[in-house]
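The data block below is protein-v6.pdb; it holds PDB, C-alpha atoms, pLDDT in the B column.
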```
ATOM      1  CA  MET A   1      29.545  21.239  20.180  1.00 70.00           C
ATOM      2  CA  ASN A   2      28.610  21.158  23.839  1.00 86.00           C
ATOM      3  CA  LEU A   3      26.654  18.008  24.764  1.00 88.00           C
ATOM      4  CA  ALA A   4      24.706  19.901  27.413  1.00 86.00           C
ATOM      5  CA  ALA A   5      23.300  22.199  24.719  1.00 87.00           C
ATOM      6  CA  VAL A   6      22.121  19.493  22.303  1.00 88.00           C
ATOM      7  CA  HIS A   7      18.510  19.562  23.439  1.00 85.00           C
ATOM      8  CA  GLN A   8      18.421  23.209  24.415  1.00 85.00           C
ATOM      9  CA  GLY A   9      15.428  24.989  22.906  1.00 82.00           C
ATOM     10  CA  VAL A  10      13.732  21.726  21.905  1.00 83.00           C
ATOM     11  CA  THR A  11      10.331  21.503  23.584  1.00 82.00           C
ATOM     12  CA  LYS A  12       7.841  18.684  23.529  1.00 84.00           C
ATOM     13  CA  HIS A  13       4.721  20.835  23.366  1.00 88.00           C
ATOM     14  CA  ARG A  14       5.546  23.957  21.398  1.00 83.00           C
ATOM     15  CA  LYS A  15       3.355  27.002  21.970  1.00 86.00           C
ATOM     16  CA  ARG A  16       1.429  28.190  18.941  1.00 89.00           C
ATOM     17  CA  LYS A  17       2.473  31.409  17.218  1.00 91.00           C
ATOM     18  CA  ARG A  18       0.101  34.176  18.341  1.00 93.00           C
ATOM     19  CA  VAL A  19      -0.222  36.563  15.413  1.00 93.00           C
ATOM     20  CA  GLY A  20      -1.958  39.928  15.175  1.00 93.00           C
ATOM     21  CA  ARG A  21      -1.142  40.956  18.770  1.00 94.00           C
ATOM     22  CA  GLY A  22       0.402  44.387  18.220  1.00 93.00           C
ATOM     23  CA  PRO A  23       3.611  45.778  16.730  1.00 92.00           C
ATOM     24  CA  GLY A  24       5.803  44.732  19.654  1.00 92.00           C
ATOM     25  CA  SER A  25       5.243  41.038  18.958  1.00 90.00           C
ATOM     26  CA  GLY A  26       6.838  41.144  15.514  1.00 91.00           C
ATOM     27  CA  HIS A  27       3.723  39.534  14.064  1.00 93.00           C
ATOM     28  CA  GLY A  28       1.318  42.458  14.326  1.00 92.00           C
ATOM     29  CA  LYS A  29      -0.600  44.467  11.731  1.00 92.00           C
ATOM     30  CA  THR A  30      -0.614  42.084   8.749  1.00 93.00           C
ATOM     31  CA  ALA A  31      -0.076  39.046  11.026  1.00 92.00           C
ATOM     32  CA  GLY A  32       2.565  37.459   8.782  1.00 91.00           C
ATOM     33  CA  ARG A  33       0.325  37.521   5.707  1.00 93.00           C
ATOM     34  CA  GLY A  34       2.034  40.366   3.855  1.00 92.00           C
ATOM     35  CA  HIS A  35       0.261  43.194   2.031  1.00 94.00           C
ATOM     36  CA  LYS A  36      -2.727  42.694  -0.297  1.00 93.00           C
ATOM     37  CA  GLY A  37      -3.328  39.715  -2.526  1.00 88.00           C
ATOM     38  CA  GLN A  38      -5.373  36.546  -2.291  1.00 85.00           C
ATOM     39  CA  ALA A  39      -3.391  34.997   0.561  1.00 88.00           C
ATOM     40  CA  SER A  40      -3.869  38.052   2.779  1.00 92.00           C
ATOM     41  CA  ARG A  41      -7.669  37.745   2.815  1.00 92.00           C
ATOM     42  CA  SER A  42      -9.638  35.766   5.362  1.00 91.00           C
ATOM     43  CA  GLY A  43     -11.083  32.461   4.211  1.00 91.00           C
ATOM     44  CA  TRP A  44      -8.320  31.927   1.643  1.00 89.00           C
ATOM     45  CA  SER A  45      -7.354  28.332   1.054  1.00 91.00           C
ATOM     46  CA  CYS A  46      -5.353  26.571  -1.600  1.00 87.00           C
ATOM     47  CA  PRO A  47      -5.326  22.895  -2.600  1.00 88.00           C
ATOM     48  CA  PRO A  48      -2.072  21.140  -1.681  1.00 85.00           C
ATOM     49  CA  THR A  49      -1.491  20.304  -5.350  1.00 85.00           C
ATOM     50  CA  PHE A  50      -1.654  23.961  -6.475  1.00 89.00           C
ATOM     51  CA  GLU A  51       1.557  24.965  -8.271  1.00 90.00           C
ATOM     52  CA  GLY A  52       1.078  28.691  -8.713  1.00 87.00           C
ATOM     53  CA  GLY A  53      -1.053  28.584 -11.835  1.00 87.00           C
ATOM     54  CA  ARG A  54       1.181  26.403 -14.007  1.00 93.00           C
ATOM     55  CA  MET A  55      -0.065  23.029 -15.275  1.00 94.00           C
ATOM     56  CA  PRO A  56      -0.060  20.716 -12.252  1.00 92.00           C
ATOM     57  CA  LEU A  57       2.130  17.637 -12.232  1.00 91.00           C
ATOM     58  CA  ILE A  58      -0.866  15.297 -12.066  1.00 87.00           C
ATOM     59  CA  ARG A  59      -2.172  16.788 -15.332  1.00 90.00           C
ATOM     60  CA  ARG A  60       1.230  16.822 -17.063  1.00 93.00           C
ATOM     61  CA  ILE A  61       1.830  13.066 -16.676  1.00 92.00           C
ATOM     62  CA  PRO A  62       0.269  10.946 -19.441  1.00 92.00           C
ATOM     63  CA  LYS A  63      -2.272   8.397 -18.309  1.00 89.00           C
ATOM     64  CA  ARG A  64      -2.873   5.091 -20.049  1.00 90.00           C
ATOM     65  CA  GLY A  65      -5.319   2.279 -19.383  1.00 90.00           C
ATOM     66  CA  PHE A  66      -7.555   1.530 -16.457  1.00 89.00           C
ATOM     67  CA  HIS A  67      -6.361   1.538 -12.837  1.00 84.00           C
ATOM     68  CA  ASN A  68      -8.623  -0.160 -10.313  1.00 86.00           C
ATOM     69  CA  ARG A  69      -7.894   1.419  -6.925  1.00 84.00           C
ATOM     70  CA  PHE A  70     -10.030  -1.161  -5.143  1.00 85.00           C
ATOM     71  CA  ALA A  71      -8.388  -4.301  -6.592  1.00 86.00           C
ATOM     72  CA  PRO A  72      -6.675  -6.470  -3.950  1.00 87.00           C
ATOM     73  CA  VAL A  73      -2.880  -6.260  -3.774  1.00 90.00           C
ATOM     74  CA  VAL A  74      -1.576  -9.769  -4.413  1.00 92.00           C
ATOM     75  CA  ALA A  75       1.913 -10.693  -3.174  1.00 94.00           C
ATOM     76  CA  GLN A  76       3.616 -13.379  -5.284  1.00 95.00           C
ATOM     77  CA  ILE A  77       6.186 -15.988  -4.247  1.00 95.00           C
ATOM     78  CA  ASN A  78       7.694 -18.621  -6.534  1.00 96.00           C
ATOM     79  CA  VAL A  79       8.054 -22.291  -5.579  1.00 96.00           C
ATOM     80  CA  GLY A  80      11.812 -22.074  -6.237  1.00 94.00           C
ATOM     81  CA  LEU A  81      12.212 -19.544  -3.399  1.00 94.00           C
ATOM     82  CA  LEU A  82      10.335 -21.814  -0.990  1.00 94.00           C
ATOM     83  CA  ASP A  83      12.753 -24.645  -1.813  1.00 91.00           C
ATOM     84  CA  LYS A  84      15.757 -22.488  -0.871  1.00 92.00           C
ATOM     85  CA  ALA A  85      14.285 -20.861   2.245  1.00 93.00           C
ATOM     86  CA  PHE A  86      12.580 -23.765   4.044  1.00 95.00           C
ATOM     87  CA  GLN A  87      13.614 -27.153   5.441  1.00 94.00           C
ATOM     88  CA  PRO A  88      11.674 -30.363   4.575  1.00 94.00           C
ATOM     89  CA  HIS A  89       8.280 -30.807   6.317  1.00 94.00           C
ATOM     90  CA  GLN A  90       8.188 -27.160   7.464  1.00 94.00           C
ATOM     91  CA  GLU A  91       5.011 -25.106   7.418  1.00 95.00           C
ATOM     92  CA  VAL A  92       5.007 -22.160   5.004  1.00 95.00           C
ATOM     93  CA  THR A  93       2.651 -19.357   6.090  1.00 94.00           C
ATOM     94  CA  PRO A  94       2.505 -15.646   5.261  1.00 93.00           C
ATOM     95  CA  GLN A  95       3.953 -14.957   8.735  1.00 93.00           C
ATOM     96  CA  SER A  96       6.910 -17.321   8.235  1.00 94.00           C
ATOM     97  CA  LEU A  97       7.585 -15.805   4.792  1.00 94.00           C
ATOM     98  CA  SER A  98       7.668 -12.259   6.185  1.00 92.00           C
ATOM     99  CA  GLU A  99       9.923 -13.375   9.083  1.00 93.00           C
ATOM    100  CA  LYS A 100      12.426 -14.712   6.535  1.00 93.00           C
ATOM    101  CA  GLY A 101      12.229 -11.434   4.575  1.00 92.00           C
ATOM    102  CA  LEU A 102      10.613 -12.951   1.473  1.00 93.00           C
ATOM    103  CA  LEU A 103       7.401 -10.890   1.749  1.00 91.00           C
ATOM    104  CA  LYS A 104       7.775  -7.135   2.015  1.00 88.00           C
ATOM    105  CA  GLY A 105       5.231  -4.342   2.033  1.00 88.00           C
ATOM    106  CA  PRO A 106       1.481  -4.406   2.540  1.00 90.00           C
ATOM    107  CA  TYR A 107      -0.638  -6.919   0.631  1.00 90.00           C
ATOM    108  CA  ASP A 108      -4.150  -8.350   0.760  1.00 89.00           C
ATOM    109  CA  GLN A 109      -3.584 -11.854  -0.591  1.00 91.00           C
ATOM    110  CA  LEU A 110      -0.647 -14.217  -1.116  1.00 94.00           C
ATOM    111  CA  LYS A 111      -0.291 -16.258  -4.306  1.00 95.00           C
ATOM    112  CA  ILE A 112       2.195 -19.088  -4.834  1.00 96.00           C
ATOM    113  CA  LEU A 113       3.509 -19.306  -8.398  1.00 96.00           C
ATOM    114  CA  GLY A 114       5.147 -22.311 -10.093  1.00 95.00           C
ATOM    115  CA  ASP A 115       8.495 -20.905 -11.266  1.00 95.00           C
ATOM    116  CA  GLY A 116      11.468 -23.022 -10.143  1.00 94.00           C
ATOM    117  CA  GLU A 117      11.797 -26.536  -8.765  1.00 94.00           C
ATOM    118  CA  LEU A 118      10.608 -27.912  -5.436  1.00 94.00           C
ATOM    119  CA  THR A 119      12.447 -30.938  -4.009  1.00 94.00           C
ATOM    120  CA  LYS A 120      11.224 -30.860  -0.389  1.00 93.00           C
ATOM    121  CA  PRO A 121       7.806 -31.769   0.991  1.00 95.00           C
ATOM    122  CA  LEU A 122       6.320 -28.591   2.486  1.00 95.00           C
ATOM    123  CA  ARG A 123       2.949 -27.648   3.932  1.00 96.00           C
ATOM    124  CA  VAL A 124       2.119 -24.403   2.137  1.00 96.00           C
ATOM    125  CA  MET A 125      -0.669 -22.068   3.275  1.00 96.00           C
ATOM    126  CA  ALA A 126      -1.706 -19.216   0.945  1.00 95.00           C
ATOM    127  CA  HIS A 127      -4.796 -17.495  -0.452  1.00 94.00           C
ATOM    128  CA  ARG A 128      -4.165 -18.593  -4.053  1.00 93.00           C
ATOM    129  CA  PHE A 129      -2.084 -21.138  -5.956  1.00 95.00           C
ATOM    130  CA  SER A 130      -1.276 -21.334  -9.640  1.00 95.00           C
ATOM    131  CA  ARG A 131      -1.998 -24.654 -11.334  1.00 96.00           C
ATOM    132  CA  SER A 132       1.710 -25.438 -11.837  1.00 96.00           C
ATOM    133  CA  ALA A 133       2.585 -24.501  -8.221  1.00 96.00           C
ATOM    134  CA  LYS A 134      -0.127 -26.782  -6.888  1.00 96.00           C
ATOM    135  CA  GLN A 135       1.162 -29.604  -9.070  1.00 96.00           C
ATOM    136  CA  LYS A 136       4.826 -29.122  -8.031  1.00 96.00           C
ATOM    137  CA  ILE A 137       4.029 -28.974  -4.297  1.00 96.00           C
ATOM    138  CA  GLU A 138       1.972 -32.174  -4.462  1.00 95.00           C
ATOM    139  CA  GLN A 139       4.608 -33.962  -6.594  1.00 96.00           C
ATOM    140  CA  ALA A 140       7.262 -33.161  -3.972  1.00 95.00           C
ATOM    141  CA  GLY A 141       5.057 -34.814  -1.330  1.00 95.00           C
ATOM    142  CA  GLY A 142       3.811 -31.568   0.201  1.00 95.00           C
ATOM    143  CA  GLN A 143       0.363 -30.292   1.055  1.00 95.00           C
ATOM    144  CA  ILE A 144      -1.471 -27.120   0.136  1.00 95.00           C
ATOM    145  CA  GLN A 145      -3.979 -25.311   2.292  1.00 96.00           C
ATOM    146  CA  ILE A 146      -6.015 -22.369   1.034  1.00 94.00           C
ATOM    147  CA  ILE A 147      -6.360 -19.548   3.554  1.00 93.00           C
ATOM    148  CA  PRO A 148      -9.937 -18.252   3.583  1.00 89.00           C
ATOM    149  CA  GLY A 149     -10.291 -14.629   2.639  1.00 77.00           C
ATOM    150  CA  PRO A 150     -12.573 -12.273   0.750  1.00 66.00           C
ATOM    151  CA  LYS A 151     -13.494 -14.049  -2.451  1.00 60.00           C
ATOM    152  CA  PRO A 152     -13.895 -12.063  -5.669  1.00 57.00           C
ATOM    153  CA  VAL A 153     -17.313 -12.217  -7.283  1.00 54.00           C
ATOM    154  CA  PRO A 154     -17.136 -14.201 -10.552  1.00 59.00           C
ATOM    155  CA  LYS A 155     -18.311 -12.199 -13.546  1.00 59.00           C
ATOM    156  CA  HIS A 156     -20.953 -14.737 -14.540  1.00 58.00           C
ATOM    157  CA  LYS A 157     -22.580 -14.398 -11.096  1.00 58.00           C
ATOM    158  CA  MET A 158     -22.900 -10.613 -11.221  1.00 58.00           C
ATOM    159  CA  LYS A 159     -26.407  -9.348 -11.637  1.00 63.00           C
ATOM    160  CA  PRO A 160     -27.165  -8.241 -15.193  1.00 65.00           C
ATOM    161  CA  ARG A 161     -28.134  -4.626 -15.674  1.00 67.00           C
ATOM    162  CA  LYS A 162     -31.771  -4.003 -16.319  1.00 71.00           C
ATOM    163  CA  PRO A 163     -32.378  -2.293 -19.665  1.00 72.00           C
ATOM    164  CA  LYS A 164     -34.094   1.069 -19.429  1.00 71.00           C
ATOM    165  CA  SER A 165     -37.695   0.825 -20.465  1.00 69.00           C
ATOM    166  CA  SER A 166     -38.915   3.623 -22.677  1.00 60.00           C
TER
END
```
Rewrite the structure of this file - the entire thing - as structure tokens.
Amino acid sequence: MNLAAVHQGVTKHRKRKRVGRGPGSGHGKTAGRGHKGQASRSGWSCPPTFEGGRMPLIRRIPKRGFHNRFAPVVAQINVGLLDKAFQPHQEVTPQSLSEKGLLKGPYDQLKILGDGELTKPLRVMAHRFSRSAKQKIEQAGGQIQIIPGPKPVPKHKMKPRKPKSS
């Protein structure tokens, strides 16, 4: 391969294909749409999930249970991992966890869980703590700090529905 020809033909702003401009263009007459049929007509569109009339994949897969698309994504870290990754008296924040590669992917809230042992005093900042994690951090001489964030509405504080009057 010739190195001078590597980028030959590659353009930053490619011109659009001009169809229906006569037989000499190679895209005249039917303008690349073929003869007859639904796709040859103007105004034709097809959903991206259309699979040619067979049962679509989304309808073939069994669905079970309830999936809340609006629920916050909660990242979880165990106390045992904090003990291995941090030195005594260090500050544990979501930023420091992601820098060390312990938190990956997008999340809305961080929760510290109590699995494992903690032997070092650490200052841990997170949105949520499990009861056992809180206890282990404080027993090791560390501190916890809750990061403020959007708080979920407790079920007992939701407004009751008004019964329909007949």
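From CA of Gly34 in chain A back to CA of Cys46 in chain A, the distance works out to 16.6 Å.
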Exercise. Can you work out which one of A:Val73, A:Met125, A:Val92, A:Ala140 has the shortest atom-to-atom distance to Pro106 in chain A, counting all atoms listed in the file?
Key: A:Val73
Practice problem: Determine, counting only C-alpha atoms, which protein, DNA and RNA residues have an atom within 12 Å of an atom of Leu113 in chain A; residues of the same chain fewer than 3 positions away are not included. Present the result as a PyMOL selection string. | Solution: chain A and resi 74-82+110+116-118+124+126-137
Quiz item: Mind pulling up the distance from CA of Arg18 in chain A to CA of Phe50 in chain A?
Solution: 26.9 Å
Practice problem: Find the spatial neighbours of Gly20 in chain A, counting only C-alpha atoms, within a cut-off of 9 Å - ignore same-chain residues fewer than 5 positions away - and output them as a PyMOL selection string. | Solution: chain A and resi 25-32
Quiz item: Skipping near chain neighbours, those fewer than 4 positions away, what residues fall within 7 Å of range 87-91 of chain A using all atoms listed in the file, listed as a ChimeraX atom specification?
Solution: /A:120-124
Practice problem: Could you check how far CA of Gln145 in chain A sits from CA of Ile112 in chain A, in Å to one decimal? | Solution: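 Distance reported for this atom pair: 11.3 Å.
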Would you compute the box with edges along x, y and z of the file around range 63-72 of chain A, including every atom the file lists for it and 8 Å extra on each side, and give its centre and edge lengths in Å to one decimal, as AutoDock Vina command-line options?
```
--center_x -6.2 --center_y 1.0 --center_z -12.0 --size_x 23.8 --size_y 30.9 --size_z 32.1
```
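Across A:Gln109, A:Gln38, A:Gln143, A:Asn2, the tightest approach to Pro72 in chain A is made by A:Gln109 when counting all atoms listed in the file.
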